[in-house]
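Report on the following structure.
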Amino acid sequence: MQMNRETWIKIASWALIILIAPFALEIAFVAEVVGVDVAVGMLLLYFSSFMAAVRSRLDALNELVASALQSPASKVQYLTRSYFWNTATGCVIVWITGSILLSLALWMPTFVIASQHF
């Protein structure tokens, strides 16, 4: 048996089919019935649709992050004066209570009331 380029391509294709077969069993059946060339072509089609789905999810995530970064700038509680007041008050509450959990319990009514107004 001579190992030329075509033989190496067939071996690599079958190795790819064997690696993918546990996840896409129909590809193994197609490789057995029609041939490994058609099965590799189907894998490429599967991969392109998978990449399109991943790309759309990343675009949605990008839009979410962009809107999250833009929305606080328009809120009143993110103004400089308000930020320094809230930071100072938060530090005093953590210093008095000595517990982050207890200070969050004290701040929670403020957050709930503020979220209803904004």
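Labels for the structure tokens follow display order: chains A, B, ..., residues from 1 in each chain, ligands from 1.
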Query - Polymer residues at most 12 Å from A:Trp14, only C-alpha atoms, same-chain spacing of 3 or more positions, as a PyMOL selection string - result: chain A and resi 7-11+17-21+27-28+30-32+35-40
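Taking atom CA of A:Ile113 and atom CA of A:Trp85 as endpoints, the distance between them is 16.9 Å.
Here atom CA of A:Met42 stands at a distance of 15.1 Å from atom CA of A:Ala15.
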Query - Nearby residues (only C-alpha atoms) at most 12 Å from A:Ala105, same-chain spacing under 6 positions excluded, as a ChimeraX atom specification - result: /A:90,93-94,97,99,111-112
Store the residues picked out above, limited to all heavy atoms, as a PDB file, in the first residue's frame.
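After the write, selection_23.pdb holds the following:
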```pdb
ATOM      1  N   GLY A  90     -21.863  54.060  52.530  1.00  0.00           N
ATOM      2  CA  GLY A  90     -21.624  52.617  52.505  1.00  0.00           C
ATOM      3  C   GLY A  90     -20.425  52.224  53.352  1.00  0.00           C
ATOM      4  O   GLY A  90     -20.461  51.222  54.082  1.00  0.00           O
ATOM      5  N   ILE A  93     -21.437  52.449  57.014  1.00  0.00           N
ATOM      6  CA  ILE A  93     -22.302  51.332  57.411  1.00  0.00           C
ATOM      7  C   ILE A  93     -21.488  50.041  57.567  1.00  0.00           C
ATOM      8  O   ILE A  93     -21.687  49.283  58.524  1.00  0.00           O
ATOM      9  CB  ILE A  93     -23.454  51.152  56.405  1.00  0.00           C
ATOM     10  CG1 ILE A  93     -24.454  52.304  56.555  1.00  0.00           C
ATOM     11  CG2 ILE A  93     -24.156  49.820  56.585  1.00  0.00           C
ATOM     12  CD1 ILE A  93     -25.575  52.284  55.549  1.00  0.00           C
ATOM     13  N   VAL A  94     -20.555  49.786  56.652  1.00  0.00           N
ATOM     14  CA  VAL A  94     -19.711  48.584  56.779  1.00  0.00           C
ATOM     15  C   VAL A  94     -18.840  48.702  58.025  1.00  0.00           C
ATOM     16  O   VAL A  94     -18.635  47.723  58.749  1.00  0.00           O
ATOM     17  CB  VAL A  94     -18.854  48.381  55.504  1.00  0.00           C
ATOM     18  CG1 VAL A  94     -17.790  47.325  55.714  1.00  0.00           C
ATOM     19  CG2 VAL A  94     -19.734  47.990  54.329  1.00  0.00           C
ATOM     20  N   THR A  97     -21.336  48.175  61.144  1.00  0.00           N
ATOM     21  CA  THR A  97     -21.889  46.822  61.282  1.00  0.00           C
ATOM     22  C   THR A  97     -20.798  45.760  61.328  1.00  0.00           C
ATOM     23  O   THR A  97     -20.977  44.737  61.983  1.00  0.00           O
ATOM     24  CB  THR A  97     -22.837  46.513  60.119  1.00  0.00           C
ATOM     25  OG1 THR A  97     -22.116  46.582  58.886  1.00  0.00           O
ATOM     26  CG2 THR A  97     -24.014  47.443  60.101  1.00  0.00           C
ATOM     27  N   SER A  99     -20.038  43.852  59.000  1.00  0.00           N
ATOM     28  CA  SER A  99     -20.441  42.721  58.183  1.00  0.00           C
ATOM     29  C   SER A  99     -20.976  43.229  56.844  1.00  0.00           C
ATOM     30  O   SER A  99     -21.839  44.121  56.815  1.00  0.00           O
ATOM     31  CB  SER A  99     -21.522  41.908  58.886  1.00  0.00           C
ATOM     32  OG  SER A  99     -22.115  41.000  57.997  1.00  0.00           O
ATOM     33  N   PHE A 111     -32.082  50.491  47.755  1.00  0.00           N
ATOM     34  CA  PHE A 111     -31.983  50.039  46.367  1.00  0.00           C
ATOM     35  C   PHE A 111     -33.357  49.770  45.773  1.00  0.00           C
ATOM     36  O   PHE A 111     -33.622  50.097  44.619  1.00  0.00           O
ATOM     37  CB  PHE A 111     -31.133  48.774  46.267  1.00  0.00           C
ATOM     38  CG  PHE A 111     -29.671  49.004  46.546  1.00  0.00           C
ATOM     39  CD1 PHE A 111     -28.914  47.998  47.105  1.00  0.00           C
ATOM     40  CD2 PHE A 111     -29.061  50.206  46.242  1.00  0.00           C
ATOM     41  CE1 PHE A 111     -27.574  48.194  47.353  1.00  0.00           C
ATOM     42  CE2 PHE A 111     -27.722  50.416  46.491  1.00  0.00           C
ATOM     43  CZ  PHE A 111     -26.969  49.401  47.054  1.00  0.00           C
ATOM     44  N   VAL A 112     -34.240  49.181  46.565  1.00  0.00           N
ATOM     45  CA  VAL A 112     -35.582  48.862  46.061  1.00  0.00           C
ATOM     46  C   VAL A 112     -36.365  50.138  45.781  1.00  0.00           C
ATOM     47  O   VAL A 112     -37.004  50.262  44.730  1.00  0.00           O
ATOM     48  CB  VAL A 112     -36.336  47.955  47.074  1.00  0.00           C
ATOM     49  CG1 VAL A 112     -37.789  47.822  46.695  1.00  0.00           C
ATOM     50  CG2 VAL A 112     -35.668  46.593  47.160  1.00  0.00           C
TER      51      VAL A 112
END
```
Query - Length of the atom CA of A:Ala24 to atom CA of A:Met3 vector [Å] - result: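 Between these atoms lies a distance of 28.9 Å.
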